[in-house]
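Everything below concerns the one structure shown next.
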Number of protein chains: 2
Amino acid sequence: MTNSISVLERDSSDSPCYNEEMKTISSILSIQKVVTAIRDKKRRIGLVPTMGAFHEGHLSLMRKARRECDIVVVSLFVNPLQFGPTEDFKRYPCDLMADRKMAQAAGVDFLFAPTAEAIVPPDLETSVSVDKVASRWEGTIRPGHFRGVATIVAKLFQIVNPHVAYFGQKDYQQTVVIRKMVRDLHFNLKLRILPTVREKDGLAKSSRNKFLLKKERSVASILYRALQQAKQSVQEGEHDCQRLAQQVALIFSAEPSVQVDYIAFCHPTTLGLVSRVLRKTVLLLAVRIGSVRLLDNIILHRQRAL
Amino acid sequence: MTNSISVLERDSSDSPCYNEEMKTISSILSIQKVVTAIRDKKRRIGLVPTMGAFHEGHLSLMRKARRECDIVVVSLFVNPLQFGPTEDFKRYPCDLMADRKMAQAAGVDFLFAPTAEAIVPPDLETSVSVDKVASRWEGTIRPGHFRGVATIVAKLFQIVNPHVAYFGQKDYQQTVVIRKMVRDLHFNLKLRILPTVREKDGLAKSSRNKFLLKKERSVASILYRALQQAKQSVQEGEHDCQRLAQQVALIFSAEPSVQVDYIAFCHPTTLGLVSRVLRKTVLLLAVRIGSVRLLDNIILHRQRAL
């Protein structure tokens, strides 16, 4: 009898909160069984959806999930649907061994790393679209990008069925699109958006930073400086978005290697342009340096009159 | 102590399997609480999604759900998204009092009847599309129809979170579209498709039959006769779909008040046209009689050579 209990305790579905051995799972059916067993035990599941190539940004999400949930699942799937035909899907960085080590060190219980064929089989016909908030900014420049994101995130939410899902603020529009989808389709989960993690010079951590040539890398902190300039101007009482945008544009104009895609002061949930800084306004930046597109953003708060 | 237990037992969430008083719920939050409590008790939930105006077809789904599940939820929502701008949304029949009586008599536990504003609020931006199988037949004639269906069914599945969902075979293409969506988006539920219920003369029960004028109604059984003709021909060894389609067309040509939208012999899951009757082939019919569109179908089985 004692023996059978000890066998049960070693059962893989009966994993302790802090798993010494992180499990890597590729099959959809297997992860579904795992999460069903976890749910049956009333444990809270945290999901961190990723495309791998982990950096401190990803790790901060995993650690937060570790603190807030009983079981942490990280999905690792480079989503082909969110890349356009001329984009960098094929060169998107990928190092599963390194990612596994980092995820395990961050306390992750399950790394769900399905194949492309499992998630995007040739007969996949269903897609999830978000209309207005996905059509602006990145949606204009990367048609179909957010439909790809929403479809795969919806699939991951359905498969892993988490109580909480974690995303980084760095891809601000993505978080807005996903929040809209979660509300519109009644996903029974909580979204947690965590602050952007930065390099010492302020450049937002991104898997694509490694494609910057040395010269380009030294220029890339210009996004952070532009965001800080806007923040400071708002703190000093400048609330006119056209003037703020001119200040930001001026910063970029000093660097001929930087091509600006957009400088947009937006409503934080509709992403529509605003003419004056509201109680909460988001500044979205997208630029190209060499072959690399860089995004960054900051949330600005209108200063109260003294 | 005894008292507190009896209070608990009278708790509304602790409803018996066969509810003597069916509850009508309009709030999304309330039905979500109800189904969460039911799921926590490991009871199986059956969902029958409807647009109301119940007839024997709906009731057969409810009774089946009653036999197979612990708790039966019927949703009643006339989905504006699945009607085109020139279609009959405004005249779609509606009689909540009669529907409640019928559902209660069929043993339904919860009638979920949300408002249009709750399910399709003005800021709804997310939609679910199914590509190929939704683009044929009804998809061609009613652009956007199946996107409306898939979006609302996805929402209902997310809200009610059933173990089993019940649909009638009468809207055959709808069942194919929903099955594709369920697979592609990993909905954790079982679909049950039940046979079409018919009037004495063979006309498939439909909420729209009441719009047929007396003369039109007497003609309407022609769809059933056409289906039976095809079935008989196949039984007699005719497997060529072009010749079968000609036979069906000949039947309709005898009735000038009938306008044929399509006569389609299709693969049962892709809905692509087939040239010969396969082991399983579906014949889809769509016609207009007066102001009413009528759909019907039959599954044909290739006869084995003796």
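Ligands are numbered from 1 in the order shown, residues from 1 within each chain, and chains are lettered A, B, ... in the order they appear in the structure tokens.
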Distance cut-off 12 Å, counting only C-alpha atoms - which residues of chain B neighbour chain A? Return them as a PyMOL selection string. chain B and resi 28-29+32-33+36+39-42+118-135+146-147+150-161+176-189+269-270
Selection to disk with C-alpha atoms, as a short mmCIF file (atom, residue, chain, number, x, y, z; two decimals), in the first residue's frame:
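Result file is result-v5.cif:
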data_model
loop_
_atom_site.label_atom_id
_atom_site.label_comp_id
_atom_site.auth_asym_id
_atom_site.auth_seq_id
_atom_site.Cartn_x
_atom_site.Cartn_y
_atom_site.Cartn_z
CA ILE B 28 -23.37 36.28 -19.68
CA LEU B 29 -21.80 36.57 -16.22
CA GLN B 32 -20.72 31.62 -16.69
CA LYS B 33 -21.10 31.30 -12.91
CA THR B 36 -18.46 26.93 -13.62
CA ARG B 39 -18.20 21.88 -14.07
CA ASP B 40 -16.79 21.94 -10.54
CA LYS B 41 -19.23 19.15 -9.69
CA LYS B 42 -17.99 17.11 -12.66
CA ALA B 118 -24.53 41.58 -24.78
CA ILE B 119 -23.35 39.22 -27.52
CA VAL B 120 -22.83 41.72 -30.34
CA PRO B 121 -21.90 44.97 -28.60
CA PRO B 122 -21.09 47.96 -30.82
CA ASP B 123 -17.36 47.54 -30.06
CA LEU B 124 -17.19 43.87 -31.06
CA GLU B 125 -14.12 43.65 -33.31
CA THR B 126 -13.20 39.97 -33.24
CA SER B 127 -14.51 37.45 -35.73
CA VAL B 128 -13.88 33.81 -36.47
CA SER B 129 -13.68 32.77 -40.13
CA VAL B 130 -13.51 29.37 -41.70
CA ASP B 131 -11.99 29.46 -45.13
CA LYS B 132 -12.71 26.84 -47.80
CA VAL B 133 -15.67 24.87 -46.47
CA ALA B 134 -17.46 28.11 -45.61
CA SER B 135 -16.83 29.73 -48.99
CA PHE B 146 -20.73 31.59 -41.94
CA ARG B 147 -18.35 34.11 -40.40
CA ALA B 150 -18.70 30.76 -36.51
CA THR B 151 -18.14 33.93 -34.48
CA ILE B 152 -21.32 33.55 -32.45
CA VAL B 153 -20.99 29.78 -32.01
CA ALA B 154 -17.39 30.30 -30.83
CA LYS B 155 -18.64 32.89 -28.34
CA LEU B 156 -21.40 30.56 -27.10
CA PHE B 157 -18.94 27.67 -26.77
CA GLN B 158 -16.60 29.89 -24.74
CA ILE B 159 -19.40 31.19 -22.52
CA VAL B 160 -21.24 27.91 -21.86
CA ASN B 161 -18.18 25.64 -22.09
CA VAL B 176 -19.25 21.06 -41.43
CA VAL B 177 -18.12 24.64 -40.79
CA ILE B 178 -18.59 24.28 -37.03
CA ARG B 179 -16.80 20.93 -36.98
CA LYS B 180 -13.85 22.51 -38.80
CA MET B 181 -13.76 25.40 -36.36
CA VAL B 182 -13.93 23.06 -33.37
CA ARG B 183 -10.98 21.07 -34.67
CA ASP B 184 -8.90 24.03 -35.84
CA LEU B 185 -9.36 26.01 -32.62
CA HIS B 186 -9.10 22.95 -30.33
CA PHE B 187 -12.48 23.34 -28.66
CA ASN B 188 -12.61 20.67 -25.99
CA LEU B 189 -16.11 19.40 -26.77
CA THR B 269 -16.28 16.99 -45.13
CA THR B 270 -14.63 19.22 -47.75
#
Contacts of Val149 (chain A) at 8 Å (only C-alpha atoms; same-chain gap of 5+ positions) as a list of chain:residue names: A:Asn79, A:Leu81, A:Gln82, A:Gln174
Mind writing the picked residues with C-alpha atoms as a PDB file, in the first residue's frame?
ATOM      1  CA  ASN A  79       4.325  31.270 -35.721  1.00  0.00           C
ATOM      2  CA  LEU A  81       1.208  32.932 -39.888  1.00  0.00           C
ATOM      3  CA  GLN A  82       2.400  36.187 -38.356  1.00  0.00           C
ATOM      4  CA  GLN A 174      -0.135  43.050 -29.795  1.00  0.00           C
TER       5      GLN A 174
END
For the atom pair CA of Val258 (chain A) and CA of Arg288 (chain A), what is the interatomic distance in Å to one decimal place? 5.9 Å
Can you tell me which residues surround region 65-72 of chain B at a distance of at most 6 Å, considering only C-alpha atoms, apart from same-chain residues fewer than 6 positions away, and format the answer as a PyMOL selection string? chain B and resi 17+43-46+108-109
Could you give me, as a ChimeraX atom specification, the residues within 9 Å of Leu294 (chain B), counting only C-alpha atoms and dropping anything in the same chain fewer than 5 positions from it? /B:204,206,208-209,220,223,285-289
Let's see if you can do this: from backbone DSSP, list all helix (DSSP H, G or I) residues in region 4-163 of chain B, as JSON, numbers by chain. {"B": [4, 5, 6, 7, 8, 9, 12, 13, 14, 28, 29, 30, 31, 32, 33, 34, 35, 36, 37, 38, 39, 40, 56, 57, 58, 59, 60, 61, 62, 63, 64, 65, 66, 67, 68, 80, 81, 82, 96, 97, 98, 99, 100, 101, 102, 103, 104, 105, 116, 117, 118, 119, 132, 133, 134, 135, 138, 139, 140, 141, 145, 146, 147, 148, 149, 150, 151, 152, 153, 154, 155, 156, 157, 158, 159, 160]}
Can you tell me, as a PDB file with C-alpha atoms, in the first residue's frame, what residues are no more than 9 Å from region 88-99 of chain A when counting only C-alpha atoms, ignoring any on the same chain fewer than 6 positions away?
ATOM      1  CA  MET A  51       8.563  32.371 -30.137  1.00  0.00           C
ATOM      2  CA  GLY A  52      11.717  31.226 -28.327  1.00  0.00           C
ATOM      3  CA  ALA A  53      15.148  32.930 -28.548  1.00  0.00           C
ATOM      4  CA  PHE A  54      14.705  33.848 -24.912  1.00  0.00           C
ATOM      5  CA  HIS A  55      16.127  37.025 -23.423  1.00  0.00           C
ATOM      6  CA  LEU A  76       7.606  27.991 -27.804  1.00  0.00           C
ATOM      7  CA  VAL A  78       7.657  30.405 -34.147  1.00  0.00           C
ATOM      8  CA  ASN A  79       4.325  31.270 -35.721  1.00  0.00           C
ATOM      9  CA  PRO A  80       4.625  31.245 -39.517  1.00  0.00           C
ATOM     10  CA  GLN A  82       2.400  36.187 -38.356  1.00  0.00           C
ATOM     11  CA  SER A 207      15.202  38.605 -30.311  1.00  0.00           C
ATOM     12  CA  ARG A 208      15.841  40.647 -33.451  1.00  0.00           C
ATOM     13  CA  LYS A 210      21.163  40.356 -32.760  1.00  0.00           C
TER      14      LYS A 210
END
Which of A:Phe83, A:Phe167, A:Phe112, A:Trp137 sits closest to Ala264 (chain A) [using only C-alpha atoms]: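 That would be A:Trp137, the residue with the smallest distance to Ala264 (chain A).
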Can you pull out every residue from region 176-284 of chain A that DSSP, working from the backbone, puts in strand (DSSP E or B), and format the result as a list in words?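 Restricting region 176-284 of chain A to strand (DSSP E or B) produces Lys190, Leu191, Arg192, Ile193, Leu194, Arg198, Ala204, Asp240, Val258, Gln259, Val260, Asp261, Tyr262, Ile263, Ala264, Phe265, Cys266, Leu273, Arg276, Thr281, Val282, Leu283 and Leu284 of chain A.
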Given only C-alpha atoms as the counted atoms, nearest of A:Val234, A:Val292, A:Ile298, A:Val48 to Pro162 (chain A):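 Of A:Val234, A:Val292, A:Ile298, A:Val48, the one nearest Pro162 (chain A) is A:Val48, counting only C-alpha atoms.
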When you look at Arg136 (chain B) with a cut-off of 9 Å (counting only C-alpha atoms), what residues show up, excluding the ones that are within fewer than 3 positions of it in the same chain? I need them as number ranges by chain. B: 132-133, 139-141, 173, 271-272
Tell me, as an MDAnalysis selection string, which residues lie within 12 Å of Gln246 (chain B), counting only C-alpha atoms; anything in the same chain fewer than 6 positions away does not count. chainID B and resid 226 229:230 233 238 240 252:253 262:265
Shortest interatomic distance to Thr86 (chain B) - which of B:Lys280, B:Arg142, B:Lys170, B:Arg225, counting only C-alpha atoms: B:Arg142
For Ser27 (chain B), which residue among B:Leu284, B:Ala106, B:Ala113, B:Leu191 is the nearest when counting only C-alpha atoms?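 Checking each candidate against Ser27 (chain B), we get B:Ala113 as the closest.
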So how many Å separate CA of Thr196 (chain A) and CA of Gly57 (chain A), to one decimal?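 Answer for the CA of Thr196 (chain A) to CA of Gly57 (chain A) separation: 6.6 Å.
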